[in-house]
file upload_16.cif (mmCIF, C-alpha atoms)
data_run
#
loop_
_atom_site.label_atom_id
_atom_site.label_comp_id
_atom_site.auth_asym_id
_atom_site.auth_seq_id
_atom_site.Cartn_x
_atom_site.Cartn_y
_atom_site.Cartn_z
CA MET A 1 47.68 37.38 8.08
CA ASN A 2 44.34 38.51 6.64
CA ARG A 3 42.66 35.82 8.68
CA VAL A 4 44.15 37.23 11.88
CA LYS A 5 43.06 40.77 10.93
CA ASN A 6 39.50 39.68 10.17
CA PHE A 7 39.34 37.82 13.45
CA SER A 8 40.44 40.95 15.33
CA ILE A 9 37.80 43.13 13.60
CA ASN A 10 35.11 40.56 14.32
CA LYS A 11 36.15 40.46 17.98
CA LYS A 12 35.75 44.26 18.17
CA ARG A 13 32.36 44.07 16.46
CA ASN A 14 31.30 41.29 18.81
CA GLY A 15 32.29 43.48 21.77
CA PHE A 16 30.05 46.29 20.55
CA VAL A 17 26.97 44.10 20.21
CA PRO A 18 26.41 43.50 23.95
CA VAL A 19 27.00 47.23 24.63
CA ILE A 20 24.42 48.23 22.02
CA ILE A 21 21.92 45.63 23.26
CA GLY A 22 22.57 46.66 26.88
CA THR A 23 22.05 50.36 26.06
CA ALA A 24 18.85 49.57 24.14
CA VAL A 25 17.46 47.51 27.04
CA PHE A 26 18.45 50.23 29.51
CA LEU A 27 16.74 52.96 27.46
CA PHE A 28 13.66 50.75 27.08
CA LEU A 29 13.55 50.31 30.87
CA ILE A 30 13.74 54.07 31.37
CA PHE A 31 10.98 54.57 28.82
CA THR A 32 8.85 51.99 30.68
CA LEU A 33 9.55 53.71 33.99
CA ASN A 34 8.14 56.93 32.57
CA ILE A 35 4.91 55.17 31.55
CA PHE A 36 4.40 54.20 35.20
CA VAL A 37 5.84 57.42 36.60
CA THR A 38 2.63 58.47 38.39
CA PRO A 39 2.17 55.33 40.56
CA ILE A 40 5.95 55.10 41.15
CA ARG A 41 6.18 58.71 42.35
CA ASN A 42 3.01 58.37 44.40
CA GLY A 43 4.33 55.21 46.08
CA PHE A 44 7.60 56.88 46.90
CA PHE A 45 5.95 59.98 48.30
CA ALA A 46 3.45 57.93 50.30
CA LEU A 47 6.38 56.03 51.80
CA SER A 48 8.52 59.10 52.40
CA SER A 49 5.82 61.58 53.39
CA PRO A 50 6.08 61.05 57.21
CA ILE A 51 9.89 61.37 57.15
CA GLN A 52 9.74 64.32 54.78
CA LYS A 53 7.17 66.06 56.99
CA THR A 54 9.44 65.53 60.02
CA PHE A 55 12.42 66.94 58.13
CA TRP A 56 10.30 69.89 56.96
CA THR A 57 9.22 70.71 60.54
CA ALA A 58 12.79 70.27 61.81
CA GLY A 59 14.10 72.57 59.07
CA GLU A 60 11.44 75.15 59.90
CA SER A 61 12.36 75.13 63.61
CA SER A 62 16.10 75.22 62.89
CA SER A 63 15.86 78.10 60.41
CA LEU A 64 13.65 80.09 62.81
CA PHE A 65 16.12 79.44 65.62
CA LEU A 66 19.14 80.39 63.53
CA GLY A 67 17.27 83.38 62.13
CA SER A 68 16.50 84.64 65.63
CA ILE A 69 20.20 84.30 66.58
CA PHE A 70 21.21 86.38 63.59
CA ASN A 71 18.44 88.89 64.29
CA GLY A 72 19.45 89.72 67.83
CA GLY A 73 19.98 88.49 71.35
CA ALA A 74 16.32 88.37 72.41
CA ILE A 75 16.34 84.61 72.00
CA ALA A 76 19.06 84.22 74.64
CA LYS A 77 16.67 85.13 77.47
CA GLU A 78 14.04 82.77 76.13
CA ASN A 79 16.64 80.04 75.82
CA ALA A 80 17.69 80.43 79.44
CA ASN A 81 14.13 79.77 80.53
CA LEU A 82 13.75 76.84 78.20
CA LYS A 83 16.89 75.10 79.50
CA ASN A 84 14.99 73.98 82.59
CA GLU A 85 12.34 72.20 80.60
CA ASN A 86 12.83 68.47 80.15
CA GLN A 87 12.91 66.86 76.69
CA LYS A 88 9.68 64.92 77.10
CA LEU A 89 7.68 67.99 78.07
CA LEU A 90 9.09 69.95 75.17
CA ALA A 91 8.16 67.20 72.73
CA GLN A 92 4.60 67.11 74.12
CA ILE A 93 4.27 70.89 73.88
CA ALA A 94 5.55 70.89 70.31
CA SER A 95 3.10 68.16 69.39
CA LEU A 96 0.15 69.98 71.01
CA GLN A 97 1.13 73.27 69.41
CA SER A 98 1.22 71.61 66.03
CA ILE A 99 -2.29 70.20 66.50
CA GLU A 100 -3.57 73.54 67.83
CA SER A 101 -2.03 75.47 64.96
CA GLY A 102 -3.67 73.10 62.48
CA SER A 103 -7.07 73.45 64.17
CA GLN A 104 -6.74 77.24 64.36
CA ALA A 105 -5.91 77.41 60.67
CA LEU A 106 -8.88 75.17 59.92
CA ASN A 107 -11.23 77.32 62.02
CA ASP A 108 -10.06 80.56 60.38
CA MET A 109 -10.51 79.06 56.96
CA SER A 110 -13.97 77.64 57.77
CA ALA A 111 -15.17 81.06 58.92
CA SER A 112 -13.96 82.87 55.81
CA CYS A 113 -15.11 80.20 53.38
CA GLN A 114 -18.65 80.22 54.80
CA ASN A 115 -18.97 83.77 53.43
CA THR A 116 -17.54 83.08 50.00
CA GLY A 117 -19.06 79.62 49.39
CA LEU A 118 -15.66 78.16 48.59
CA LYS A 119 -14.83 74.59 49.53
CA TYR A 120 -11.31 73.59 50.49
CA VAL A 121 -9.04 70.74 51.47
CA MET A 122 -6.37 71.29 54.12
CA ALA A 123 -2.96 69.82 53.25
CA GLY A 124 0.42 69.66 54.98
CA VAL A 125 3.55 70.98 53.29
CA ILE A 126 6.22 68.29 52.89
CA GLY A 127 8.81 69.68 50.52
CA LEU A 128 10.09 72.39 48.22
CA ASP A 129 12.35 72.06 45.21
CA GLU A 130 14.65 74.61 43.61
CA SER A 131 12.20 75.49 40.87
CA ASP A 132 9.68 76.90 43.39
CA ILE A 133 7.53 73.79 43.27
CA LEU A 134 5.99 72.87 46.62
CA SER A 135 4.85 69.37 47.63
CA ILE A 136 1.77 68.72 49.79
CA ASN A 137 0.50 65.49 51.33
CA LYS A 138 -2.94 65.41 49.66
CA GLY A 139 -3.78 64.27 46.15
CA SER A 140 -6.49 63.02 43.82
CA ALA A 141 -7.79 60.69 46.57
CA ASP A 142 -8.80 63.86 48.46
CA GLY A 143 -10.51 65.47 45.47
CA ILE A 144 -7.60 67.62 44.34
CA LEU A 145 -7.28 68.37 40.62
CA GLU A 146 -4.72 70.20 38.51
CA GLY A 147 -5.21 73.98 38.34
CA MET A 148 -6.89 74.37 41.74
CA PRO A 149 -5.83 77.49 43.68
CA VAL A 150 -3.81 77.13 46.88
CA LEU A 151 -3.78 79.64 49.74
CA ASN A 152 -3.24 79.85 53.49
CA GLN A 153 -5.78 80.75 56.20
CA GLN A 154 -5.01 84.47 55.84
CA HIS A 155 -6.03 84.23 52.16
CA VAL A 156 -2.49 84.71 50.94
CA LEU A 157 -2.15 83.17 47.48
CA PHE A 158 0.58 80.52 47.16
CA GLY A 159 -0.07 79.22 43.66
CA LYS A 160 -1.98 76.50 41.93
CA ILE A 161 -1.89 72.73 41.69
CA PHE A 162 0.51 71.74 38.95
CA LYS A 163 0.67 67.96 39.17
CA VAL A 164 -1.60 65.57 41.07
CA TYR A 165 -0.78 62.06 42.26
CA LYS A 166 -3.05 59.82 44.32
CA ASN A 167 -1.76 60.85 47.76
CA PHE A 168 0.21 64.02 47.14
CA SER A 169 0.38 67.01 44.80
CA LYS A 170 2.84 69.57 43.50
CA ILE A 171 2.08 73.28 43.61
CA ILE A 172 3.59 75.78 41.21
CA LEU A 173 4.23 78.82 43.40
CA VAL A 174 3.55 82.39 42.23
CA SER A 175 7.33 82.87 42.42
CA ASN A 176 8.01 80.13 39.83
CA LYS A 177 9.55 81.52 36.63
CA ASN A 178 6.63 80.19 34.58
CA SER A 179 4.01 81.85 36.81
CA VAL A 180 2.16 84.95 35.58
CA ILE A 181 -0.93 86.26 37.41
CA ASN A 182 -3.15 89.30 36.94
CA VAL A 183 -3.33 91.58 39.96
CA LYS A 184 -4.89 94.87 40.95
CA ILE A 185 -3.10 97.39 43.09
CA GLN A 186 -4.84 98.54 46.24
CA GLN A 187 -3.42 101.93 46.97
CA ALA A 188 -3.12 103.10 50.55
CA ALA A 189 -5.47 106.10 51.07
CA PRO A 190 -3.32 109.20 51.60
CA THR A 191 -5.30 110.45 54.61
CA GLY A 192 -7.56 107.57 55.52
CA ASN A 193 -10.60 109.90 55.17
CA PRO A 194 -13.56 108.12 53.53
CA ASP A 195 -14.52 111.37 51.76
CA ASP A 196 -11.27 111.31 49.77
CA PRO A 197 -11.74 110.86 46.01
CA VAL A 198 -11.74 107.21 44.93
CA VAL A 199 -8.42 106.19 43.43
CA PRO A 200 -8.88 104.51 40.02
CA GLU A 201 -8.08 100.81 39.99
CA ILE A 202 -4.68 99.92 38.54
CA ASP A 203 -4.13 96.50 37.00
CA GLY A 204 -0.81 94.77 36.54
CA VAL A 205 0.84 91.42 36.28
CA VAL A 206 2.98 89.59 38.85
CA LYS A 207 5.68 87.47 37.22
CA GLY A 208 7.70 84.91 39.15
CA SER A 209 11.45 85.30 39.06
CA GLY A 210 12.49 82.17 41.02
CA GLY A 211 14.05 81.81 44.45
CA LEU A 212 10.68 82.63 46.10
CA THR A 213 10.69 86.12 44.56
CA ALA A 214 8.57 87.89 41.93
CA TYR A 215 8.16 91.30 40.34
CA LEU A 216 5.31 93.50 39.19
CA ASP A 217 5.08 94.28 35.48
CA LEU A 218 2.82 95.87 32.84
CA ILE A 219 1.76 98.86 34.94
CA PRO A 220 0.78 101.76 32.63
CA ILE A 221 3.43 104.46 32.75
CA SER A 222 0.80 107.08 33.69
CA SER A 223 -0.38 105.17 36.77
CA ALA A 224 0.94 106.33 40.11
CA ILE A 225 2.09 103.44 42.28
CA ASN A 226 3.88 103.71 45.59
CA PRO A 227 5.92 101.52 47.90
CA GLY A 228 3.57 99.86 50.37
CA ASP A 229 0.70 99.44 47.89
CA ILE A 230 -0.94 96.05 48.27
CA LEU A 231 -1.36 93.60 45.38
CA VAL A 232 -4.41 91.34 45.27
CA THR A 233 -5.68 88.96 42.60
CA SER A 234 -7.75 90.69 39.94
CA ALA A 235 -11.29 89.85 38.86
CA ILE A 236 -9.94 89.24 35.34
CA GLU A 237 -7.69 86.47 36.66
CA LYS A 238 -9.29 83.19 35.60
CA SER A 239 -7.15 80.80 37.65
CA PHE A 240 -7.76 82.31 41.10
CA PRO A 241 -10.62 83.88 43.07
CA LYS A 242 -10.39 87.68 43.23
CA ASP A 243 -9.00 89.66 46.16
CA LEU A 244 -6.51 87.08 47.37
CA LEU A 245 -3.43 88.67 48.91
CA VAL A 246 -0.31 88.43 46.74
CA GLY A 247 2.29 90.94 47.98
CA LYS A 248 3.24 94.57 48.36
CA ILE A 249 5.31 97.01 46.36
CA ILE A 250 8.82 97.61 47.67
CA GLN A 251 10.32 99.86 45.00
CA LYS A 252 9.03 101.11 41.66
CA GLN A 253 11.21 101.08 38.56
CA LYS A 254 10.00 103.70 36.12
CA ASN A 255 11.64 104.15 32.75
CA ASP A 256 9.98 106.80 30.53
CA GLN A 257 11.27 105.07 27.41
CA LYS A 258 9.25 101.96 28.18
CA PRO A 259 5.47 101.80 27.75
CA PHE A 260 5.04 100.07 31.11
CA GLN A 261 6.61 100.39 34.51
CA GLN A 262 7.85 97.61 36.76
CA ALA A 263 8.25 97.31 40.51
CA GLN A 264 10.08 95.16 43.00
CA ILE A 265 7.61 93.41 45.26
CA SER A 266 7.66 91.41 48.44
CA LEU A 267 5.44 88.34 48.25
CA PHE A 268 3.22 87.63 51.26
CA LEU A 269 3.74 83.90 50.91
CA ASN A 270 6.23 82.54 53.40
CA VAL A 271 6.95 78.94 52.53
CA LYS A 272 9.51 78.47 55.27
CA THR A 273 7.05 79.09 58.12
CA THR A 274 4.04 77.39 56.56
CA ASP A 275 2.87 73.99 57.76
CA ASN A 276 -0.64 73.83 56.33
CA LEU A 277 -2.19 75.11 53.12
CA PHE A 278 -5.71 75.07 51.69
CA VAL A 279 -6.64 73.90 48.22
CA ILE A 280 -9.86 75.48 46.92
CA THR A 281 -11.70 72.58 45.33
CA ASN A 282 -14.79 74.25 43.85
CA TYR A 283 -13.49 77.54 42.49
CA LYS A 284 -14.26 76.80 38.84
CA GLN A 285 -17.78 75.68 39.74
CA THR A 286 -18.55 78.93 41.56
CA ASN A 287 -17.72 81.06 38.50
CA MET B 288 31.98 46.04 50.52
CA TRP B 289 28.24 45.29 50.51
CA LYS B 290 27.90 47.26 53.75
CA LYS B 291 29.39 50.32 52.06
CA THR B 292 27.12 49.90 49.03
CA LEU B 293 24.04 49.56 51.23
CA ALA B 294 25.06 52.55 53.36
CA VAL B 295 25.63 54.71 50.26
CA ILE B 296 22.22 53.73 48.80
CA LEU B 297 20.52 54.55 52.11
CA LEU B 298 22.39 57.87 52.25
CA PHE B 299 21.23 58.72 48.71
CA TYR B 300 17.64 58.29 49.88
CA VAL B 301 18.08 60.28 53.11
CA PHE B 302 19.96 63.04 51.27
CA ALA B 303 17.22 63.23 48.62
CA LEU B 304 14.65 63.70 51.39
CA LEU B 305 16.82 66.22 53.23
CA GLN B 306 17.46 68.42 50.21
CA SER B 307 13.78 68.59 49.31
CA SER B 308 12.52 69.32 52.84
CA PHE B 309 15.01 70.27 55.58
CA LEU B 310 17.47 72.21 53.41
CA ALA B 311 14.68 74.09 51.62
CA HIS B 312 14.50 76.29 54.75
CA PHE B 313 18.13 77.31 54.30
CA ALA B 314 17.88 78.30 50.64
CA LEU B 315 19.73 81.43 49.55
CA PHE B 316 18.35 82.93 46.33
CA GLY B 317 16.52 79.64 45.91
CA ALA B 318 19.74 77.62 46.00
CA THR B 319 20.25 74.56 48.20
CA PRO B 320 23.07 72.01 48.17
CA ASN B 321 22.60 68.98 45.94
CA LEU B 322 23.71 66.39 48.50
CA VAL B 323 22.85 63.42 46.29
CA PHE B 324 25.08 64.72 43.49
CA ILE B 325 27.90 65.49 45.95
CA LEU B 326 27.77 61.97 47.39
CA PHE B 327 27.65 60.37 43.95
CA PHE B 328 30.64 62.43 42.83
CA LEU B 329 32.57 61.52 45.99
CA VAL B 330 32.02 57.76 45.73
CA SER B 331 32.85 57.87 42.02
CA PHE B 332 35.96 59.96 42.62
CA PHE B 333 37.31 57.59 45.25
CA SER B 334 36.28 54.33 43.58
CA LYS B 335 39.01 52.29 41.95
CA LYS B 336 39.31 52.02 38.17
CA GLU B 337 38.14 48.39 38.22
CA GLU B 338 35.04 49.33 40.26
CA ILE B 339 33.33 51.02 37.31
CA TYR B 340 30.32 48.70 37.71
CA GLN B 341 29.83 50.20 41.19
CA VAL B 342 29.91 53.72 39.73
CA ILE B 343 27.19 52.67 37.26
CA ILE B 344 25.01 51.23 40.06
CA PHE B 345 25.46 54.37 42.16
CA GLY B 346 24.69 56.50 39.09
CA ILE B 347 21.42 54.63 38.51
CA ILE B 348 20.34 54.88 42.16
CA ALA B 349 21.42 58.49 42.73
CA GLY B 350 19.85 59.53 39.42
CA PHE B 351 16.64 57.71 40.28
CA PHE B 352 16.31 59.55 43.61
CA LEU B 353 17.11 62.90 41.97
CA ASP B 354 14.47 62.28 39.30
CA ILE B 355 11.79 60.90 41.62
CA PHE B 356 11.91 63.94 43.92
CA SER B 357 11.98 66.45 41.07
CA TYR B 358 9.17 67.14 38.65
CA SER B 359 11.16 66.14 35.58
CA TYR B 360 11.06 62.88 33.66
CA ILE B 361 12.58 59.80 35.24
CA GLY B 362 15.82 58.88 33.52
CA LEU B 363 17.44 62.24 32.79
CA SER B 364 19.62 62.24 35.91
CA ILE B 365 20.22 58.49 35.67
CA ILE B 366 21.67 58.79 32.16
CA LEU B 367 23.67 61.93 33.01
CA LEU B 368 25.18 60.45 36.17
CA ILE B 369 26.21 57.24 34.42
CA ILE B 370 27.89 59.28 31.66
CA PHE B 371 29.52 61.52 34.28
CA GLY B 372 30.80 58.46 36.14
CA PHE B 373 32.46 57.13 32.97
CA VAL B 374 33.93 60.52 32.04
CA LEU B 375 35.23 61.09 35.57
CA LYS B 376 37.00 57.74 35.66
CA LYS B 377 38.48 58.45 32.22
CA ILE B 378 39.75 61.88 33.34
CA GLN B 379 41.20 60.34 36.49
CA SER B 380 43.02 57.71 34.47
CA LEU B 381 44.48 60.48 32.29
CA LEU B 382 45.63 62.33 35.40
CA LYS B 383 47.29 59.04 36.42
CA ASN B 384 48.64 59.16 39.95
CA ALA B 385 48.89 62.92 40.29
CA GLU B 386 45.49 63.29 41.96
CA THR B 387 46.35 60.90 44.77
CA LYS B 388 48.89 63.32 46.21
CA TYR B 389 46.63 66.39 46.39
CA PRO B 390 43.13 64.96 46.04
CA LEU B 391 41.15 68.08 47.05
CA LYS B 392 43.06 70.18 44.50
CA TYR B 393 41.76 67.87 41.78
CA PHE B 394 38.44 67.10 43.37
CA LEU B 395 37.05 70.66 43.62
CA PRO B 396 37.70 71.85 40.01
CA LEU B 397 36.38 68.56 38.62
CA PHE B 398 33.35 68.77 40.91
CA THR B 399 32.63 72.36 39.79
CA VAL B 400 32.79 71.44 36.09
CA PHE B 401 30.59 68.35 36.51
CA LEU B 402 28.04 70.17 38.71
CA LEU B 403 27.66 73.03 36.22
CA ALA B 404 27.45 70.53 33.35
CA TYR B 405 24.73 68.65 35.23
CA GLU B 406 22.69 71.82 35.80
CA LEU B 407 23.12 72.92 32.19
CA LEU B 408 22.22 69.54 30.73
CA ILE B 409 19.21 69.00 33.01
CA GLY B 410 17.93 72.46 32.04
CA ALA B 411 18.58 71.78 28.36
CA SER B 412 16.90 68.35 28.52
CA LEU B 413 13.80 69.86 30.09
CA TYR B 414 13.72 72.46 27.35
CA PHE B 415 14.08 69.76 24.71
CA LEU B 416 11.24 67.73 26.23
CA ASP B 417 9.01 70.67 27.13
CA PRO B 418 10.05 74.26 26.25
CA SER B 419 7.73 75.73 28.94
CA ARG B 420 9.88 74.11 31.62
CA LEU B 421 13.13 75.85 30.68
CA ARG B 422 15.15 76.69 33.76
CA ILE B 423 18.69 77.41 32.52
CA ASN B 424 19.88 80.38 34.46
CA PHE B 425 23.46 81.36 35.17
CA GLY B 426 23.10 84.28 37.57
CA VAL B 427 23.23 84.99 41.30
CA GLU B 428 21.18 81.84 41.92
CA THR B 429 23.82 79.69 40.18
CA LEU B 430 26.64 81.43 42.04
CA PHE B 431 25.02 80.68 45.41
CA TYR B 432 24.23 77.16 44.23
CA LEU B 433 27.89 76.66 43.37
CA ILE B 434 29.18 78.14 46.65
CA TYR B 435 26.71 76.10 48.69
CA ASN B 436 27.67 72.90 46.90
CA LEU B 437 31.41 73.55 47.07
CA ILE B 438 31.17 74.04 50.84
CA GLY B 439 29.08 70.88 51.15
CA ALA B 440 31.42 68.91 48.89
CA SER B 441 34.55 70.03 50.79
CA LEU B 442 33.00 69.02 54.14
CA MET B 443 31.82 65.69 52.81
CA PHE B 444 35.21 65.12 51.16
CA TYR B 445 36.99 65.24 54.52
CA ILE B 446 34.29 63.15 56.23
CA TYR B 447 34.56 60.54 53.46
CA LYS B 448 38.35 60.48 53.79
CA LYS B 449 37.98 59.60 57.50
CA ILE B 450 36.02 56.45 56.67
CA PRO B 451 38.33 53.40 56.62
CA GLU B 452 38.70 51.89 53.15
CA ASP B 453 37.94 48.33 54.26
CA VAL B 454 34.37 49.20 55.39
#

call {"tool": "encode", "arguments": {"input": "upload_16.cif", "output": "structure tokens"}}
result
Amino acid sequence: MNRVKNFSINKKRNGFVPVIIGTAVFLFLIFTLNIFVTPIRNGFFALSSPIQKTFWTAGESSSLFLGSIFNGGAIAKENANLKNENQKLLAQIASLQSIESGSQALNDMSASCQNTGLKYVMAGVIGLDESDILSINKGSADGILEGMPVLNQQHVLFGKIFKVYKNFSKIILVSNKNSVINVKIQQAAPTGNPDDPVVPEIDGVVKGSGGLTAYLDLIPISSAINPGDILVTSAIEKSFPKDLLVGKIIQKQKNDQKPFQQAQISLFLNVKTTDNLFVITNYKQTN
Amino acid sequence: MWKKTLAVILLFYVFALLQSSFLAHFALFGATPNLVFILFFLVSFFSKKEEIYQVIIFGIIAGFFLDIFSYSYIGLSIILLIIFGFVLKKIQSLLKNAETKYPLKYFLPLFTVFLLAYELLIGASLYFLDPSRLRINFGVETLFYLIYNLIGASLMFYIYKKIPEDV
């Protein structure tokens, strides 16, 4: 009887051994995968980048189209005209517009960077994840390093490079929950008269709150801020060049019991309609 | 059977690309549907008890695509999806044959629990590995994420049901 019992226990123990070995091998494989995570991710993104870019452009067009339907009937007239166009012509126009838009962006950026001495690399947007991390199709092979500022041709700040692979990079947007940047508030002149007294500079901090949104914080309670005031990067901000556009104040939230006031802001960055971005590659060297 | 497996693997890849590019334009409060998770849950839900090896393979592949297109460590989603696959099959065996009569009635609550558990555990794992990357947040964003995914899961549920079993 005891023999039978011992045999049964041994059988159970024997059954556990392959499971334990299998789990150990599996965990070891996962650990190994993480050692080679950079080339693996880079390979995948290099392979998927053209498809991802196509999906990104398709998503952009679809959301604009749907948005215009929800926003009114103006698109209906435009649609009626477009119905007569054939598919081939439309595809050619779209392709040409894409090239033209890229060149225009490049020209605008060249002109503005000549004045500031900043060097840049133009990159195409290929993806966005839920944590406000944007993917672009340029990486260390193009001279991009972690921490480099990213903006568009209108000098609207998007964020900074967070992770670099050989052929693509990830950008942590200013709306990411871990993002905190120093800003100064440019107040709209009440009359527009140049003889008006100079308004003292107000500094604050823009903190990301996720979902492509952010808020303004750490404004001294005595400072007067108003809806419509523009936020630009401050000279004390080490990660970004000064005077880059960040957003504007929508509504202030003043609580006399708190030492600082906060405000709801609208960020200028519009990820959904952006195809190309610029990575400033020599910012640290210029300071 | 191999055709189905190949098609599901290909769909995991396409869905991973779609949710990181196309669907990003339709985000509400930063929330987009997690198509890869929905598909994994569907194939696991409808797989037979003896096809557990298939659930494990799908868990590894779906988890790999989720990890590769995120900025987290590779392996977190793989491990979670394999565990979820096992737990789901166990729950289904406890429910016995009841779920076959009203599958959607059982599918949606189970899906909700597993999706929230996935979000919570991914957030917690990131915190454990790197506290600066904490992203556990049960607010409006999570509500929209849940609604978006429930709509997506319901649609995909009926599409999946239309596919003949012998494919």

call {"tool": "atom_distance", "arguments": {"input": "upload_16.cif", "atom1": "atom CA of Ala141 of chain A", "atom2": "atom CA of Gly350 of chain B"}}
result
28.6 Å

call {"tool": "closest_residue", "arguments": {"input": "upload_16.cif", "among": "B:Ser441, B:Tyr435, B:Thr429, B:Leu304", "to": "Leu407 of chain B", "atoms": "all atoms listed in the file"}}
result
B:Thr429

call {"tool": "residues_around", "arguments": {"input": "upload_16.cif", "residues": "segment 333-336 of chain B", "least_positions_apart": "2", "cutoff": "9 Å", "atoms": "all atoms listed in the file", "output": "PyMOL selection string"}}
result
chain B and resi 328-331+338-339+341-342+376-377+379-380

call {"tool": "resolve_selection", "arguments": {"input": "upload_16.cif", "expression": "the PyMOL selection byres ((chain B) within 12 of (chain A))", "output": "ChimeraX atom specification"}}
result
/B:300-321,343,347,350-366,369,406,410,418-424,426-429,431-432

call {"tool": "closest_residue", "arguments": {"input": "upload_16.cif", "among": "A:Ile172, A:Ala224, A:Leu277, A:Leu216", "to": "Ile265 of chain A", "atoms": "only C-alpha atoms"}}
result
A:Leu216

call {"tool": "atom_distance", "arguments": {"input": "upload_16.cif", "atom1": "atom CA of Asn137 of chain A", "atom2": "atom CA of Gln153 of chain A"}}
result
17.2 Å

call {"tool": "closest_residue", "arguments": {"input": "upload_16.cif", "among": "B:Ile344, B:Ile446, B:Leu397, B:Ala440", "to": "Thr292 of chain B", "atoms": "only C-alpha atoms"}}
result
B:Ile344

call {"tool": "resolve_selection", "arguments": {"input": "upload_16.cif", "expression": "the PyMOL selection byres ((chain A and resi 281) around 8)", "output": "list in words"}}
result
Leu118, Lys119, Tyr120, Val121, Gly143, Ile144, Leu145, Met148, Pro149, Val279, Ile280, Asn282 and Tyr283 of chain A
